[in-house]
Each structure stands twice: as C-alpha cells, then as structure tokens.
Amino acid sequence: MTSFPDAPSTDGASTPSAATAPHPLIVLAPDGHVVELNPAASDLLPAARSGQSLSAPPWLAAVDERLPPEPVSGAVDDRFFSAHPSVLPDGNTAWWLVDETAHRSALEELEAERGRTRFLTEASSALLASLNVSRCMEVTARLATEHLADAALVVAPTAAKKLPLVVCDHLGEVTHTTAAGAPETVPGLAEALRGFPPVPSRWIDPAAAPHWLVPQGFGEVGSLVITPLPGHGVPAGALVLLRRSHKAAFTAAEEALAGLFAARAGAAMSAARLYAEQNSISDTLMRELLPPTLRHVQGVEFAGGYRPSKDSERVGGDFYDVHPPTEDSPETLAVLGDVAGKGLEAAVLTGKIRNTLHALLPMADDHDKMLRLLNNAMRNSHHTRFTTLVLASVRRENGDVLLRLTSAGHPTPLIVRGDGTVEEADTRGTLIGVMPTITSRTADIRLAPGETCLMFTDGVTEARGGPLGDTMFGEQRLRRAAQDCAGMPAEAVVEHIQMVASQWIGGGLHDDIALMAITAPRGAHLSAVDGTTRGRYTA
C-alpha cells in the first residue's frame with residue numbers, strides 16, 4: 001500500500017494522514033492511472049477505480065497533464081473542491097481534495113453584499129443629486145429597472161382619481177403617465193401607498209396585475225414586488241417591480257434589497273416634495289414682499305428698481321409702493337423706504353409697514369399724521385427695528401407735475417431739472433419707530449415736462465466698489481449720474497442709475513438698493529400702430 005503523505009488542512013497546518021483521512025485522497029501514477037483512493041475519495045468519485053484512468057470531472061481528470069503538478073480547483077456535483085498535489089518518493093502523485101464549498105459560498109455572498117452596498121451607495125448619490133420630484137421618480141424607476149427588475153413603476157400618492165406613474169420599461173424608456181385604475185385592484189398597492197409594510201411577492205398572483213401596471217410589449221409577468229417608499233412622516237409613494245415569466249422569481253434577499261433601495265428613494269422623494277412645497281410657499285410670500293412693478297398713473301411716469309443685498313434672499317428691507325388716487329385722496333401716493341437690517345426678517349417688517357401705510361391711505365393728504373400713526377404702530381410692536389422713508393403725493397396740473405415730499409430720516413430726494421441741474425428737495429424728518437414723537441418738513445416741488453424726482457435708499461450711496469474695491473459710491477457720483485438723466489423717461493433714469501451703481505460695485509458686497517423715479521412726461525403719447533402699445537412722445 002502506498003504510504004500517504006501528510007494531509008493538507010484548511011488552516012494551513014499538517015495532520016497525520018491515514019486511510020480514514022477526512023479529505024478525499026487520490027494517488028495517480030505518472031501515466032494517469034489511479035493507484036489508490038481512500039474511502040472519502042471513493043464516496044466522492046464513485047466511478048473512479050484503481051488501475052484505471054481517472055474518471056472524474058474534466059478539471060480533475062486532466063491533473064496528470066500538468067508537469068510539475070499544480071493545485072487546481074473546480075466543482076464536483078454541487079460542491080466545490082481544490083486539489084493539492086504531493087509528489088511521493090515512488091514517483092506517484094497524491095492529490096488531496098479540500099472541500100471549499102462553504103468558503104466559496106461565503107466569498108460569493110461577501111462579493112454579492114459588496115455589490116449591493118455599491119448599488120445602494122450609487123443610488124443614494126444619484127437620488128440626492130436633485131430636489132426635483134419628477135427627476136427623483138425617474139431616477140428611482142431607472143435604477144430599479146437596471147439593478148432589481150425587468151421593469152419598474154413609481155406610484156405617487158394622490159387624492160385625485162388618476163394615479164401619477166413614472167414607468168421604466170424593459171427597454172429602459174422612462175415615461176410619465178397616469179392610471180385610471182384604483183390602487184385596490186393591485187394586491188398590496190393601496191397598503192404600500194399608505195405606508196404599510198410590503199406584502200411578500202409569493203402572496204401576489206402576477207396574473208392579477210391589471211393592464212395599466214404592465215408596460216406595453218413587456219409580455220407575461222412572472223413575479224411582482226410592491227414595496228412602499230417611506231418618506232419623512234408621510235409615505236412618499238410605492239415602488240412596483242416586474243419580472244418576466246421566464247426569469248426566476250424574486251428571492252427574499254432581492255425583496256430585502258428592494259426595501260433598502262425603496263427607503264433611500266422614498267427619503268429622496270420626500271425631501272424633494274418638501275422642498276417643492278416650501279419653495280412654492282416662499283415664492284408666494286416673496287411675491288407679496290417684493291416691490292411691485294410700477295406704471296404710469298394719471299399721466300405721471302413712475303419707475304422703480306430693486307436689488308437685494310448680495311448675501312441675502314430675493315427680498316430685503318428696502319421697499320417702494322405707488323398708491324393710485326382714491327375717493328378720500330385725489331393724489332397718487334408714492335412711498336420709498338428702508339427698514340434697518342436686511343434679509344427675510346427685515347422683509348417681514350417691510351410687509352407690515354406697507355400694509356399699515358395702505359390702511360392709512362385715507363389720511364394721505366396729511367403726511368405728518370400718517371407718519372405719526374406709523375411711528376406709534378411700530379413702537380407698539382415687538383420689533384426693535386426702525387425705518388426711514390419718504391412720502392410723495394403726486395398730481396398733474398396742466399403739463400407739470402406737482403409733488404409734496406416728506407422725508408422721515410431718509411436720504412433727501414434729488415430733483416433733476418431739464419437743463420441737467422440736480423437739486424436736493426428741502427425736506428427733513430425723524431426716522432420712524434424709535435422716538436415717541438417725530439417731526440418732519442414737507443417740500444413742494446413742481447416738475448416741468450421731462451424733469452424727474454429721484455428717490456433712493458442709502459444702499460446706492462453707501463455701495464462700495466471702484467478701483468480699490470472699498471470706496472463708497474457717494475452722493476457726488478450719484479449726482480453726476482443723475483445729471484446725465486436730464487430729459488429721460490422715468491424707466492431710463494432708473495436703469496441708468498442702476499447701471500452706473502452696478503459698474504461701481506462690480507462683484508463686491510452691497511446693501512439692499514431701491515430707486516424710484518417720478519417724471520413729468522414730455523408730452524402725450526401718440527397711438528401706436530396696433531392700437532394697444534404706447535407710441536412715441538409728441539414734441
């Protein structure tokens with residue numbers, strides 16, 4: 001009998017060999033004939049016989065072709081072995097077969113887990129790359145089709161009769177559609193849309209899937225998974241996975257992976273939906289807080305320009321309004337002001353001030369009274385901020401425009417005459433919201449055709465920039481810019497001042513900037529050719 005060598009162990013150590021060694025052992029002669037097998041090898045390879053060529057799987061039967069012999073590995077039935085050679089003194093070769101099935105299964109499971117982790121990581125990155133709800137639904141459907149199923153549908157929760165769907169079919173085409181069918185017609189879908197745990201796929205009959213759930217040209221459905229898309233406090237929808245009939249059904253591990261993916265997709269969709277709702281609310285509120293678009297009122301030109309500070313939102317503490325005449329006040333009231341601070345907090349107080357002034361319009365003929373009432377209202381509120389503003393009551397008289405200007409701690413308005421002369425209006429006053437009593441002085445101004453009253457906030461004069469980047473724009477530069485606006489329409493005046501200030505600021509920081517121009521028109525407008533738009537000025 002051949003003397004067996006030490007059998008290799010799975011932990012790298014050597015153990016004494018014997019005919020009863022736990023590892024299958026085959027001894028092969030140089031010509032490839034079997035010299036001897038131990039009982040474990042006979043049980044593993046029942047067709048192998050001593051004195052005959054080795055009858056075994058091809059990977060093992062060809063071991064004698066390798067000189068010198070090298071370790072090989074392969075499958076025997078449903079198990080996996082590695083064969084390790086040992087050259088014996090008599091020239092024969094002993095092959096030890098080590099069962100590595102469990103080890104190989106562990107490696108395969110580890111690699112599969114790494115693949116699942118990579119997929120979930122990439123999915124999270126792709127889903128969080130957008131805060132658009134439709135985009136998140138598209139990414140969810142596409143990723144699910146690429147990695148989990150043959151086709152996928154994302155169902156959004158809705159109170160409408162038709163279900164919003166994003167479908168990624170077996171060809172990878174993504175479409176947005178709606179389904180008139182009720183979710184109750186699909187087992188587990190209504191529950192998933194309400195956030196309940198998923199129904200195992202083995203409980204769902206694929207044949208029960210309605211036609212609207214199956215993409216066109218998909219064929220027969222062999223397996224169906226429906227899992228909820230959990231959101232932040234409320235369900236974000238449901239994910240439906242479809243697999244064709246000739247494919248294997250979803251396993252428990254695949255359903256678990258679908259649940260992990262759905263959790264990430266639901267969080268991303270919920271965040272996108274929350275962002276969309278908050279953005280819609282913000283847009284609605286900001287539209288009310290932003291200064292309005294100005295137009296001509298009773299033959300007088302009004303134009304405004306607003307630029308929020310660079311480090312704040314679209315709204316800020318500067319504001320302007322134009323209130324047309326009413327039964328109680330025959331004059332147009334224009335207001336331009338500046339609340340201390342910037343950003344959303346200042347904008348909220350700005351909105352309250354604008355609403356208060358609107359409520360005081362019946363007293364618009366008495367600027368002093370309006371300012372006193374506004375001062376009392378601000379001092380009685382919980383805000384500690386103050387505001388400066390200027391009121392302008394405007395009316396036409398023949399071809400001229402008459403103004404009553406009252407400043408309350410605000411930069412003095414400039415009057416741009418027809419010859420380019422720039423004057424300061426003779427008005428002064430106390431800022432609003434600090435002192436229990438205030439004082440103010442009203443100036444009466446007459447504007448001839450082509451002349452303008454320019455009102456502005458200190459964001460213009462205090463804007464820093466220029467060649468050194470930290471020099472204030474200042475009143476002198478503003479006056480020179482205003483001189484160039486002689487005879488211009490109100491809109492052109494505002495655009496010119498904004499352009500000059502922007503060039504000075506460059507990319508630097510600045511406070512909120514607001515401008516308003518009140519201009520006496522140079523003449524009546526001719527009718528336009530189409531009968532609707534304004535024509536050119538008459539001489």
# chains A, B, ... in the order shown; residues from 1 in each chain; ligands from 1
>>> closest_atom_pairs(of="segment 200-308 of chain A", to="segment 118-128 of chain A", cutoff="7 Å", atoms="only C-alpha atoms", output="CSV")
residue,atom,partner,partner_atom,distance
A:Phe261,CA,A:Leu120,CA,6.3
A:Arg264,CA,A:Ser124,CA,6.3
A:Ala265,CA,A:Leu127,CA,6.5
A:Ala268,CA,A:Leu128,CA,5.9
>>> residues_around(residues="Ala517 of chain A", least_positions_apart="2", cutoff="7 Å", atoms="only C-alpha atoms", output="PyMOL selection string")
chain A and resi 302-304+452-455+490+493-494+515+519
>>> residues_around(residues="segment 58-60 of chain A", least_positions_apart="3", cutoff="10 Å", atoms="only C-alpha atoms", output="MDAnalysis selection string")
chainID A and resid 54:55 63:64 72:76 81:83 95 97
>>> residues_around(residues="segment 386-402 of chain A", least_positions_apart="5", cutoff="9 Å", atoms="only C-alpha atoms", output="ChimeraX atom specification")
/A:298-300,317,330-340,350,353,364-365,367,378-379,407-413,430-434,444-449,455,457,518-523
>>> write_last_selection(atoms="C-alpha atoms", output="PDB file, in the first residue's frame")
ATOM      1  CA  GLN A 298     -52.848 109.620 -14.254  1.00  0.00           C
ATOM      2  CA  GLY A 299     -50.309 110.826 -16.785  1.00  0.00           C
ATOM      3  CA  VAL A 300     -47.316 110.713 -14.420  1.00  0.00           C
ATOM      4  CA  GLY A 317     -35.524  95.779   3.903  1.00  0.00           C
ATOM      5  CA  PRO A 330     -57.239 112.704  -5.059  1.00  0.00           C
ATOM      6  CA  GLU A 331     -53.433 112.475  -5.238  1.00  0.00           C
ATOM      7  CA  THR A 332     -51.215 109.496  -6.046  1.00  0.00           C
ATOM      8  CA  LEU A 333     -49.133 108.486  -3.026  1.00  0.00           C
ATOM      9  CA  ALA A 334     -45.656 107.127  -3.676  1.00  0.00           C
ATOM     10  CA  VAL A 335     -43.600 105.637  -0.825  1.00  0.00           C
ATOM     11  CA  LEU A 336     -39.962 104.580  -0.734  1.00  0.00           C
ATOM     12  CA  GLY A 337     -38.378 103.300   2.472  1.00  0.00           C
ATOM     13  CA  ASP A 338     -35.602 101.363   4.127  1.00  0.00           C
ATOM     14  CA  VAL A 339     -36.017  99.102   7.179  1.00  0.00           C
ATOM     15  CA  ALA A 340     -32.929  98.615   9.359  1.00  0.00           C
ATOM     16  CA  THR A 350     -41.309  95.761   5.438  1.00  0.00           C
ATOM     17  CA  ILE A 353     -45.140  98.673   7.158  1.00  0.00           C
ATOM     18  CA  ALA A 364     -52.597 110.530   2.616  1.00  0.00           C
ATOM     19  CA  ASP A 365     -53.263 114.265   2.275  1.00  0.00           C
ATOM     20  CA  HIS A 367     -48.134 113.360   5.671  1.00  0.00           C
ATOM     21  CA  MET A 378     -44.022 100.442  15.036  1.00  0.00           C
ATOM     22  CA  ARG A 379     -43.157 101.414  18.602  1.00  0.00           C
ATOM     23  CA  SER A 407     -38.750 112.685   4.428  1.00  0.00           C
ATOM     24  CA  ALA A 408     -38.656 110.708   7.670  1.00  0.00           C
ATOM     25  CA  GLY A 409     -34.950 110.244   8.370  1.00  0.00           C
ATOM     26  CA  HIS A 410     -34.408 109.226   4.756  1.00  0.00           C
ATOM     27  CA  PRO A 411     -31.800 110.420   2.218  1.00  0.00           C
ATOM     28  CA  THR A 412     -33.093 113.576   0.560  1.00  0.00           C
ATOM     29  CA  PRO A 413     -34.668 113.053  -2.879  1.00  0.00           C
ATOM     30  CA  THR A 430     -37.232 111.985  12.159  1.00  0.00           C
ATOM     31  CA  LEU A 431     -36.804 108.277  11.482  1.00  0.00           C
ATOM     32  CA  ILE A 432     -39.775 106.068  12.328  1.00  0.00           C
ATOM     33  CA  GLY A 433     -40.067 103.570  15.163  1.00  0.00           C
ATOM     34  CA  VAL A 434     -37.642 104.986  17.766  1.00  0.00           C
ATOM     35  CA  ASP A 444     -43.484 121.397  -2.505  1.00  0.00           C
ATOM     36  CA  ILE A 445     -41.884 120.656  -5.855  1.00  0.00           C
ATOM     37  CA  ARG A 446     -43.013 121.431  -9.406  1.00  0.00           C
ATOM     38  CA  LEU A 447     -41.672 119.300 -12.218  1.00  0.00           C
ATOM     39  CA  ALA A 448     -41.773 120.635 -15.765  1.00  0.00           C
ATOM     40  CA  PRO A 449     -42.107 118.149 -18.656  1.00  0.00           C
ATOM     41  CA  MET A 455     -35.823 108.856  -4.575  1.00  0.00           C
ATOM     42  CA  THR A 457     -32.095 104.331  -0.370  1.00  0.00           C
ATOM     43  CA  ILE A 518     -41.214 110.215 -10.736  1.00  0.00           C
ATOM     44  CA  THR A 519     -41.111 112.015 -14.061  1.00  0.00           C
ATOM     45  CA  ALA A 520     -43.307 114.626 -15.694  1.00  0.00           C
ATOM     46  CA  PRO A 521     -43.951 113.282 -19.196  1.00  0.00           C
ATOM     47  CA  ARG A 522     -42.634 115.371 -22.047  1.00  0.00           C
ATOM     48  CA  GLY A 523     -45.933 115.164 -23.894  1.00  0.00           C
TER      49      GLY A 523
END
>>> select_by_dssp(residues="segment 209-416 of chain A", states="strand (DSSP E)", output="short mmCIF file (atom, residue, chain, number, x, y, z; two decimals) with C-alpha atoms, in the first residue's frame")
data_model
loop_
_atom_site.label_atom_id
_atom_site.label_comp_id
_atom_site.auth_asym_id
_atom_site.auth_seq_id
_atom_site.Cartn_x
_atom_site.Cartn_y
_atom_site.Cartn_z
CA VAL A 221 -45.43 38.90 -15.76
CA GLY A 222 -43.73 36.12 -13.83
CA SER A 223 -43.10 37.81 -10.50
CA LEU A 224 -44.28 41.02 -8.85
CA VAL A 225 -42.94 43.03 -5.89
CA ILE A 226 -44.72 46.02 -4.37
CA THR A 227 -42.92 47.93 -1.64
CA PRO A 228 -43.68 51.29 0.00
CA LEU A 229 -41.48 54.34 -0.44
CA GLY A 237 -45.37 56.56 -2.77
CA ALA A 238 -44.88 52.96 -3.84
CA LEU A 239 -42.38 51.06 -5.97
CA VAL A 240 -43.59 48.24 -8.22
CA LEU A 241 -41.04 45.77 -9.63
CA LEU A 242 -41.92 43.45 -12.51
CA ARG A 243 -40.01 40.39 -13.67
CA ARG A 244 -40.79 38.40 -16.82
CA GLU A 301 -44.42 108.33 -15.07
CA PHE A 302 -43.37 106.07 -12.18
CA ALA A 303 -40.47 103.61 -12.39
CA GLY A 304 -38.74 101.60 -9.70
CA GLY A 305 -35.69 99.41 -9.38
CA TYR A 306 -34.77 96.97 -6.62
CA ARG A 307 -31.63 94.93 -5.98
CA ASP A 318 -35.88 98.28 1.02
CA PHE A 319 -39.32 98.84 -0.46
CA TYR A 320 -41.43 101.13 -2.58
CA ASP A 321 -45.12 101.41 -3.47
CA VAL A 322 -47.36 103.60 -5.58
CA HIS A 323 -50.99 104.00 -4.49
CA THR A 332 -51.22 109.50 -6.05
CA LEU A 333 -49.13 108.49 -3.03
CA ALA A 334 -45.66 107.13 -3.68
CA VAL A 335 -43.60 105.64 -0.82
CA LEU A 336 -39.96 104.58 -0.73
CA GLY A 337 -38.38 103.30 2.47
CA ASP A 338 -35.60 101.36 4.13
CA VAL A 339 -36.02 99.10 7.18
CA THR A 387 -37.31 102.51 9.27
CA THR A 388 -36.66 105.59 7.19
CA LEU A 389 -38.93 106.57 4.34
CA VAL A 390 -40.08 109.37 2.09
CA LEU A 391 -43.67 110.10 1.07
CA ALA A 392 -44.54 111.75 -2.22
CA SER A 393 -48.05 112.97 -3.05
CA VAL A 394 -48.26 113.46 -6.81
CA ARG A 395 -50.78 115.12 -9.13
CA ARG A 396 -50.84 116.58 -12.61
CA GLU A 397 -51.51 120.25 -13.20
CA ASP A 400 -46.49 119.94 -14.97
CA VAL A 401 -46.38 117.52 -12.06
CA LEU A 402 -46.79 118.82 -8.50
CA LEU A 403 -45.13 116.95 -5.64
CA ARG A 404 -45.39 117.12 -1.88
CA LEU A 405 -42.30 115.38 -0.48
CA THR A 406 -41.86 114.45 3.18
CA SER A 407 -38.75 112.68 4.43
CA ALA A 408 -38.66 110.71 7.67
CA LEU A 414 -32.93 114.64 -5.87
CA ILE A 415 -34.68 116.81 -8.45
CA VAL A 416 -33.27 116.50 -11.97
#
